[in-house]
$ cat query_33.cif   # mmCIF, C-alpha atoms and all ligand atoms
data_query
loop_
_atom_site.group_PDB
_atom_site.id
_atom_site.type_symbol
_atom_site.label_atom_id
_atom_site.label_comp_id
_atom_site.auth_asym_id
_atom_site.auth_seq_id
_atom_site.Cartn_x
_atom_site.Cartn_y
_atom_site.Cartn_z
ATOM 1 C CA MET A 1 -6.117 10.178 0.397
ATOM 2 C CA SER A 2 -7.899 6.908 -0.210
ATOM 3 C CA LEU A 3 -7.524 6.150 -3.917
ATOM 4 C CA TYR A 4 -10.573 4.515 -5.550
ATOM 5 C CA HIS A 5 -12.135 3.648 -2.244
ATOM 6 C CA ARG A 6 -15.384 2.401 -3.808
ATOM 7 C CA ASP A 7 -13.913 -0.100 -6.272
ATOM 8 C CA MET A 8 -10.569 -0.926 -4.711
ATOM 9 C CA ASN A 9 -11.077 -1.857 -1.109
ATOM 10 C CA ILE A 10 -11.396 -5.530 -0.188
ATOM 11 C CA TYR A 11 -10.318 -7.916 2.585
ATOM 12 C CA GLY A 12 -10.285 -5.107 5.121
ATOM 13 C CA ASP A 13 -7.982 -2.730 3.262
ATOM 14 C CA SER A 14 -9.931 0.246 4.639
ATOM 15 C CA GLY A 15 -8.361 -0.624 8.014
ATOM 16 C CA ASN A 16 -5.214 0.953 6.593
ATOM 17 C CA ILE A 17 -6.963 4.314 6.403
ATOM 18 C CA LEU A 18 -8.298 4.028 9.946
ATOM 19 C CA THR A 19 -4.842 3.149 11.234
ATOM 20 C CA VAL A 20 -3.070 6.040 9.524
ATOM 21 C CA ALA A 21 -5.747 8.479 10.687
ATOM 22 C CA ARG A 22 -5.646 7.172 14.271
ATOM 23 C CA ARG A 23 -1.876 7.028 14.613
ATOM 24 C CA ALA A 24 -1.335 10.391 12.920
ATOM 25 C CA GLY A 25 -3.866 11.813 15.393
ATOM 26 C CA LEU A 26 -1.991 10.297 18.323
ATOM 27 C CA TYR A 27 1.211 11.841 16.992
ATOM 28 C CA GLY A 28 -0.507 15.200 17.239
ATOM 29 C CA PHE A 29 -1.653 15.767 13.672
ATOM 30 C CA ALA A 30 -5.187 16.289 12.413
ATOM 31 C CA PRO A 31 -5.347 14.420 9.110
ATOM 32 C CA SER A 32 -8.341 14.823 6.860
ATOM 33 C CA VAL A 33 -9.135 11.788 4.739
ATOM 34 C CA HIS A 34 -10.179 12.423 1.159
ATOM 35 C CA TYR A 35 -11.977 9.557 -0.579
ATOM 36 C CA TYR A 36 -11.279 9.763 -4.281
ATOM 37 C CA ASP A 37 -13.366 7.837 -6.842
ATOM 38 C CA PRO A 38 -13.384 8.007 -10.655
ATOM 39 C CA GLY A 39 -14.459 11.431 -11.874
ATOM 40 C CA GLY A 40 -14.122 12.904 -8.397
ATOM 41 C CA VAL A 41 -12.430 16.056 -7.214
ATOM 42 C CA TRP A 42 -8.689 15.773 -6.758
ATOM 43 C CA PRO A 43 -7.613 17.458 -3.504
ATOM 44 C CA ASP A 44 -5.345 20.529 -3.660
ATOM 45 C CA ARG A 45 -2.784 18.955 -1.408
ATOM 46 C CA VAL A 46 -1.974 15.286 -1.034
ATOM 47 C CA ASP A 47 0.307 14.093 1.775
ATOM 48 C CA LEU A 48 -0.201 10.346 1.644
ATOM 49 C CA VAL A 49 -1.978 7.970 -0.751
ATOM 50 C CA LEU A 50 -3.502 4.637 0.237
ATOM 51 C CA GLY A 51 -4.926 2.210 -2.312
ATOM 52 C CA GLY A 52 -6.474 -1.220 -1.847
ATOM 53 C CA GLY A 53 -7.199 -4.375 -3.729
ATOM 54 C CA GLY A 54 -10.098 -5.246 -5.957
ATOM 55 C CA GLN A 55 -11.634 -7.721 -8.314
ATOM 56 C CA ASP A 56 -10.448 -7.701 -11.923
ATOM 57 C CA GLN A 57 -13.773 -5.978 -12.801
ATOM 58 C CA GLY A 58 -13.151 -3.246 -10.227
ATOM 59 C CA GLN A 59 -9.697 -2.734 -11.698
ATOM 60 C CA GLY A 60 -11.319 -2.413 -15.124
ATOM 61 C CA ARG A 61 -13.705 0.253 -13.809
ATOM 62 C CA ILE A 62 -10.986 2.544 -12.489
ATOM 63 C CA MET A 63 -8.443 2.025 -15.270
ATOM 64 C CA GLU A 64 -9.480 4.963 -17.440
ATOM 65 C CA ASP A 65 -9.552 7.424 -14.573
ATOM 66 C CA LEU A 66 -6.238 6.057 -13.300
ATOM 67 C CA ALA A 67 -4.663 6.709 -16.695
ATOM 68 C CA ALA A 68 -5.889 10.319 -16.501
ATOM 69 C CA ARG A 69 -4.526 10.702 -12.961
ATOM 70 C CA GLY A 70 -1.269 8.918 -13.809
ATOM 71 C CA PRO A 71 0.769 12.114 -14.391
ATOM 72 C CA VAL A 72 -0.247 13.697 -11.078
ATOM 73 C CA LEU A 73 0.442 10.445 -9.228
ATOM 74 C CA HIS A 74 3.842 10.190 -10.924
ATOM 75 C CA ALA A 75 4.646 13.774 -9.928
ATOM 76 C CA LEU A 76 3.605 13.107 -6.322
ATOM 77 C CA ALA A 77 5.668 9.901 -6.192
ATOM 78 C CA ASP A 78 8.712 11.663 -7.683
ATOM 79 C CA ASP A 79 8.318 14.335 -5.031
ATOM 80 C CA GLY A 80 8.536 11.752 -2.236
ATOM 81 C CA THR A 81 4.862 11.410 -1.353
ATOM 82 C CA PRO A 82 4.417 8.168 0.589
ATOM 83 C CA MET A 83 2.018 5.724 -1.014
ATOM 84 C CA LEU A 84 0.853 2.249 -0.084
ATOM 85 C CA MET A 85 -0.751 0.212 -2.851
ATOM 86 C CA ILE A 86 -2.232 -3.161 -2.045
ATOM 87 C CA CYS A 87 -2.781 -6.008 -4.493
ATOM 88 C CA GLY A 88 -5.090 -4.734 -7.272
ATOM 89 C CA LEU A 89 -3.706 -1.195 -7.161
ATOM 90 C CA TYR A 90 -0.165 -2.502 -6.696
ATOM 91 C CA GLN A 91 -0.680 -4.343 -9.990
ATOM 92 C CA LEU A 92 -1.956 -1.185 -11.702
ATOM 93 C CA PHE A 93 0.933 0.895 -10.347
ATOM 94 C CA GLY A 94 3.031 -1.439 -12.485
ATOM 95 C CA ASP A 95 3.048 -1.406 -16.280
ATOM 96 C CA TYR A 96 0.080 -3.673 -16.960
ATOM 97 C CA PHE A 97 -2.051 -6.583 -15.730
ATOM 98 C CA GLN A 98 -2.932 -9.245 -18.276
ATOM 99 C CA THR A 99 -5.922 -10.944 -16.629
ATOM 100 C CA SER A 100 -6.634 -14.665 -16.759
ATOM 101 C CA ALA A 101 -9.656 -13.797 -18.959
ATOM 102 C CA GLY A 102 -7.225 -12.321 -21.482
ATOM 103 C CA ASP A 103 -7.922 -8.612 -20.899
ATOM 104 C CA ARG A 104 -5.019 -6.238 -20.707
ATOM 105 C CA LEU A 105 -5.430 -3.604 -17.986
ATOM 106 C CA GLU A 106 -2.958 -0.772 -18.446
ATOM 107 C CA GLY A 107 -1.074 0.417 -15.380
ATOM 108 C CA ILE A 108 0.669 3.734 -14.780
ATOM 109 C CA GLY A 109 4.219 2.418 -14.447
ATOM 110 C CA ILE A 110 5.237 4.005 -11.172
ATOM 111 C CA ILE A 111 6.567 0.583 -10.196
ATOM 112 C CA GLY A 112 8.633 -1.244 -12.825
ATOM 113 C CA ALA A 113 6.679 -4.496 -12.916
ATOM 114 C CA HIS A 114 4.052 -6.372 -14.903
ATOM 115 C CA THR A 115 1.417 -8.873 -13.861
ATOM 116 C CA VAL A 116 -0.039 -11.901 -15.614
ATOM 117 C CA GLY A 117 -3.196 -13.619 -14.351
ATOM 118 C CA ARG A 118 -3.317 -17.373 -13.982
ATOM 119 C CA ASP A 119 -6.171 -19.768 -13.283
ATOM 120 C CA ARG A 120 -5.079 -20.897 -9.832
ATOM 121 C CA ARG A 121 -5.359 -18.164 -7.210
ATOM 122 C CA MET A 122 -2.670 -17.567 -4.619
ATOM 123 C CA ILE A 123 -4.502 -17.470 -1.301
ATOM 124 C CA GLY A 124 -3.382 -17.613 2.294
ATOM 125 C CA ASN A 125 -1.394 -16.056 5.073
ATOM 126 C CA LEU A 126 1.812 -14.348 4.160
ATOM 127 C CA VAL A 127 4.981 -13.497 6.058
ATOM 128 C CA ASP A 128 7.211 -11.018 4.297
ATOM 129 C CA HIS A 129 10.813 -10.730 5.503
ATOM 130 C CA THR A 130 11.713 -7.112 4.850
ATOM 131 C CA ASP A 131 14.806 -4.999 5.379
ATOM 132 C CA GLY A 132 13.131 -1.882 6.655
ATOM 133 C CA PHE A 133 10.239 -3.256 8.704
ATOM 134 C CA GLY A 134 11.250 -6.695 9.949
ATOM 135 C CA ASP A 135 8.694 -9.455 9.364
ATOM 136 C CA VAL A 136 5.494 -8.018 7.885
ATOM 137 C CA ILE A 137 2.423 -10.219 8.190
ATOM 138 C CA GLY A 138 -0.742 -10.296 6.109
ATOM 139 C CA TYR A 139 -3.039 -12.238 3.848
ATOM 140 C CA GLU A 140 -2.929 -12.635 0.069
ATOM 141 C CA ASN A 141 -5.601 -13.524 -2.455
ATOM 142 C CA HIS A 142 -4.746 -12.896 -6.093
ATOM 143 C CA SER A 143 -4.629 -14.550 -9.467
ATOM 144 C CA GLY A 144 -2.061 -12.136 -10.864
ATOM 145 C CA GLN A 145 1.594 -13.106 -10.850
ATOM 146 C CA THR A 146 3.761 -10.016 -10.651
ATOM 147 C CA TYR A 147 7.286 -9.882 -12.038
ATOM 148 C CA LEU A 148 9.558 -7.002 -11.065
ATOM 149 C CA ASP A 149 11.806 -5.439 -13.679
ATOM 150 C CA ASP A 150 15.555 -5.835 -13.168
ATOM 151 C CA GLY A 151 16.769 -3.512 -10.447
ATOM 152 C CA VAL A 152 13.364 -2.967 -8.819
ATOM 153 C CA ARG A 153 13.625 -3.621 -5.122
ATOM 154 C CA PRO A 154 11.060 -5.986 -3.609
ATOM 155 C CA LEU A 155 9.449 -5.062 -0.300
ATOM 156 C CA GLY A 156 10.745 -8.361 1.053
ATOM 157 C CA THR A 157 10.989 -12.078 0.516
ATOM 158 C CA VAL A 158 8.728 -15.002 1.354
ATOM 159 C CA ASP A 159 9.683 -18.529 2.294
ATOM 160 C CA ALA A 160 7.394 -21.345 3.347
ATOM 161 C CA GLN A 161 4.552 -19.003 4.281
ATOM 162 C CA GLY A 162 2.924 -17.495 1.206
ATOM 163 C CA CYS A 163 3.395 -16.998 -2.532
ATOM 164 C CA GLY A 164 4.255 -13.296 -2.707
ATOM 165 C CA ASN A 165 4.648 -11.647 -6.092
ATOM 166 C CA ASN A 166 4.409 -14.743 -8.243
ATOM 167 C CA GLY A 167 4.984 -17.945 -6.277
ATOM 168 C CA GLU A 168 8.246 -18.473 -8.145
ATOM 169 C CA ASP A 169 11.041 -16.071 -7.277
ATOM 170 C CA ARG A 170 10.195 -15.564 -3.574
ATOM 171 C CA THR A 171 9.949 -11.806 -3.867
ATOM 172 C CA GLU A 172 7.025 -9.948 -2.314
ATOM 173 C CA GLY A 173 5.912 -6.435 -3.143
ATOM 174 C CA ALA A 174 8.059 -3.575 -4.320
ATOM 175 C CA ARG A 175 9.586 -0.363 -3.009
ATOM 176 C CA VAL A 176 10.250 2.603 -5.226
ATOM 177 C CA GLY A 177 11.261 5.633 -3.185
ATOM 178 C CA ASN A 178 8.433 6.160 -0.701
ATOM 179 C CA VAL A 179 6.000 4.073 -2.749
ATOM 180 C CA ILE A 180 5.250 0.619 -1.392
ATOM 181 C CA GLY A 181 3.387 -1.982 -3.406
ATOM 182 C CA THR A 182 2.419 -5.271 -1.782
ATOM 183 C CA TYR A 183 0.004 -8.199 -1.883
ATOM 184 C CA MET A 184 -0.615 -7.887 1.856
ATOM 185 C CA HIS A 185 -4.245 -7.545 2.875
ATOM 186 C CA GLY A 186 -5.085 -8.171 6.445
ATOM 187 C CA SER A 187 -5.470 -5.200 7.000
ATOM 188 C CA LEU A 188 -1.793 -4.547 6.648
ATOM 189 C CA LEU A 189 -1.231 -1.421 8.742
ATOM 190 C CA PRO A 190 -3.052 -2.323 11.996
ATOM 191 C CA LYS A 191 -0.896 -5.457 12.161
ATOM 192 C CA ASN A 192 2.325 -3.797 11.049
ATOM 193 C CA PRO A 193 2.662 -0.412 12.774
ATOM 194 C CA ALA A 194 6.256 0.055 11.574
ATOM 195 C CA VAL A 195 4.921 0.393 8.037
ATOM 196 C CA ALA A 196 2.206 2.814 9.197
ATOM 197 C CA ASP A 197 4.761 4.980 10.981
ATOM 198 C CA PHE A 198 7.076 4.940 7.959
ATOM 199 C CA LEU A 199 4.251 6.372 5.839
ATOM 200 C CA ILE A 200 3.274 8.977 8.439
ATOM 201 C CA ARG A 201 6.890 9.990 9.014
ATOM 202 C CA ALA A 202 7.508 10.396 5.286
ATOM 203 C CA ALA A 203 4.340 12.478 4.898
ATOM 204 C CA VAL A 204 5.146 14.716 7.872
ATOM 205 C CA ASP A 205 8.797 15.240 6.919
ATOM 206 C CA ARG A 206 7.854 16.016 3.326
ATOM 207 C CA ARG A 207 5.382 18.635 4.470
ATOM 208 C CA TYR A 208 7.105 20.165 7.510
ATOM 209 C CA GLY A 209 10.763 19.409 6.845
ATOM 210 C CA ARG A 210 13.224 16.660 7.628
ATOM 211 C CA GLY A 211 13.170 15.613 11.279
ATOM 212 C CA ALA A 212 9.724 17.110 11.928
ATOM 213 C CA PHE A 213 8.151 13.747 12.732
ATOM 214 C CA ALA A 214 10.935 12.715 15.134
ATOM 215 C CA GLN A 215 10.678 16.047 16.917
ATOM 216 C CA GLN A 216 6.930 15.712 17.301
ATOM 217 C CA ALA A 217 7.155 12.070 18.408
ATOM 218 C CA ALA A 218 9.697 13.008 21.081
ATOM 219 C CA SER A 219 7.396 15.531 22.716
ATOM 220 C CA LEU A 220 4.138 13.592 22.966
ATOM 221 C CA PRO A 221 1.922 13.641 26.052
ATOM 222 C CA GLU A 222 2.250 10.508 28.145
ATOM 223 C CA GLU A 223 -1.298 9.311 27.368
ATOM 224 C CA ASN A 224 -0.660 9.437 23.607
ATOM 225 C CA ARG A 225 2.557 7.518 24.081
ATOM 226 C CA ARG A 226 0.704 4.910 26.103
ATOM 227 C CA GLU A 227 -2.015 4.528 23.508
ATOM 228 C CA ILE A 228 0.510 4.109 20.698
ATOM 229 C CA ALA A 229 2.280 1.470 22.795
ATOM 230 C CA ASP A 230 -1.077 -0.282 23.354
ATOM 231 C CA LEU A 231 -1.751 -0.321 19.602
ATOM 232 C CA ASP A 232 1.738 -1.732 18.990
ATOM 233 C CA ASP A 233 1.110 -4.372 21.628
ATOM 234 C CA LEU A 234 -2.191 -5.340 19.986
ATOM 235 C CA ALA A 235 -0.429 -5.568 16.633
ATOM 236 C CA SER A 236 2.218 -7.882 18.032
ATOM 237 C CA ARG A 237 -0.564 -10.284 19.033
ATOM 238 C CA ALA A 238 -2.295 -10.106 15.649
ATOM 239 C CA GLY A 239 -2.837 -13.353 13.828
HETATM 240 N N1 LIG A 301 -7.899 -8.961 -9.244
HETATM 241 C C1 LIG A 301 -6.527 -9.068 -8.907
HETATM 242 C C2 LIG A 301 -6.051 -10.491 -8.904
HETATM 243 O O1 LIG A 301 -6.853 -11.385 -8.727
HETATM 244 C C3 LIG A 301 -6.273 -8.424 -7.560
HETATM 245 C C4 LIG A 301 -6.927 -9.146 -6.421
HETATM 246 C C5 LIG A 301 -6.842 -8.418 -5.122
HETATM 247 O O2 LIG A 301 -6.729 -7.195 -5.086
HETATM 248 N N2 LIG A 301 -6.939 -9.134 -4.007
HETATM 249 O O3 LIG A 301 -4.877 -10.740 -9.036
#

$ encode --input "query_33.cif" --output "structure tokens" --more "lines below"
Ligand code: GLN
Amino acid sequence: MSLYHRDMNIYGDSGNILTVARRAGLYGFAPSVHYYDPGGVWPDRVDLVLGGGGQDQGQGRIMEDLAARGPVLHALADDGTPMLMICGLYQLFGDYFQTSAGDRLEGIGIIGAHTVGRDRRMIGNLVDHTDGFGDVIGYENHSGQTYLDDGVRPLGTVDAQGCGNNGEDRTEGARVGNVIGTYMHGSLLPKNPAVADFLIRAAVDRRYGRGAFAQQAASLPEENRREIADLDDLASRAG
């Protein structure tokens, strides 16, 4: 499901949806993408949730609906549903975003974090050194500085390349169970297939049982295997 596709989808974040759909297809699944916008119909079954970034105004527009959908999103997250939230939705998956204009946008608190806007934006390429996925590459553009609560695990750390969560403590993003929050636009998933496959694997195993993804991946036709390898090769050349 693409969460708030209309308002929260900038700097190529919709590439994440295309990548998940394409790779899941190559792994032999037939995903159907549901585009959810405020006031829309919530699908009966949700296997994976992708959310993008947005302007402060866009975040303001979805805030009320997000508050209403907060309980169902919490329940899905608690049940292990994989989710990837980029920038603006990452901020609103935290507790709140106090914008540089002084507005307080309430989040839904799936990720223990809060964000405070500042006048100078953090813009540029980003390299995130992560435990689970190696070096993740992307692009950041945000005014909000995000601070993780004690004990919340960052997605990774930044050094010379990029600001990450706040430009101060070198953390980038957050991981809470199968929920990933990050400032990485780019799009993220075409350039970082390990993250895409993590999300697909988690979705498949949650739905069909532990080990289901590995079993499926081990029995792929040669041409699918080759195409996945080609996509991985393209990603390794991504700038
Ligand atoms: N509006 C938010 C900020 O500036 C998020 C921006 C984004 O999603 N790129 O911090």

$ resolve_selection --input "query_33.cif" --expression "the PyMOL selection byres (((chain A and resi 85-93) around 6) and not hetatm)" --output "list in words"
Gly51, Gly52, Gly53, Gly54, Leu84, Gly94, Gly107, Ile108, Gly109, Ile110, Ile111, Gly181, Thr182 and Tyr183 of chain A

$ closest_residue --input "query_33.cif" --among "A:His185, A:Arg153, A:Arg237, A:Arg225" --to "Ile10 in chain A" --atoms "only C-alpha atoms"
A:His185

$ residues_around --input "query_33.cif" --residues "Val195 in chain A" --least-positions-apart "4" --cutoff "8 Å" --atoms "all atoms listed in the file" --output "list in words"
Phe133, Leu189 and Leu199 of chain A

$ closest_residue --input "query_33.cif" --among "A:Gly102, A:Gly132, A:Gly124, A:Gly15" --to "Ile180 in chain A" --atoms "only C-alpha atoms"
A:Gly132

$ resolve_selection --input "query_33.cif" --expression "the PyMOL selection byres (((chain A and resi 232) around 9) and not hetatm)" --output "PyMOL selection string"
chain A and resi 190-194+227-231+233-237

$ closest_residue --input "query_33.cif" --among "A:Asp7, A:Asp131, A:Asp47, A:Glu140" --to "ligand LIG 301 (chain A)" --atoms "all atoms listed in the file"
A:Glu140

$ axis_aligned_box --input "query_33.cif" --around "ligand LIG 301 (chain A)" --padding-each-side "3 Å" --output "JSON"
{"center_x": -6.4, "center_y": -9.3, "center_z": -6.6, "size_x": 9.0, "size_y": 10.2, "size_z": 11.2}

$ resolve_selection --input "query_33.cif" --expression "the PyMOL selection byres (((chain A and resi 139) around 9) and not hetatm)" --output "list in words"
Tyr11, Ile123, Gly124, Asn125, Leu126, Val127, Ile137, Gly138, Glu140, Asn141, Gly162, Tyr183, Met184, His185, Gly186, Ser187 and Leu188 of chain A
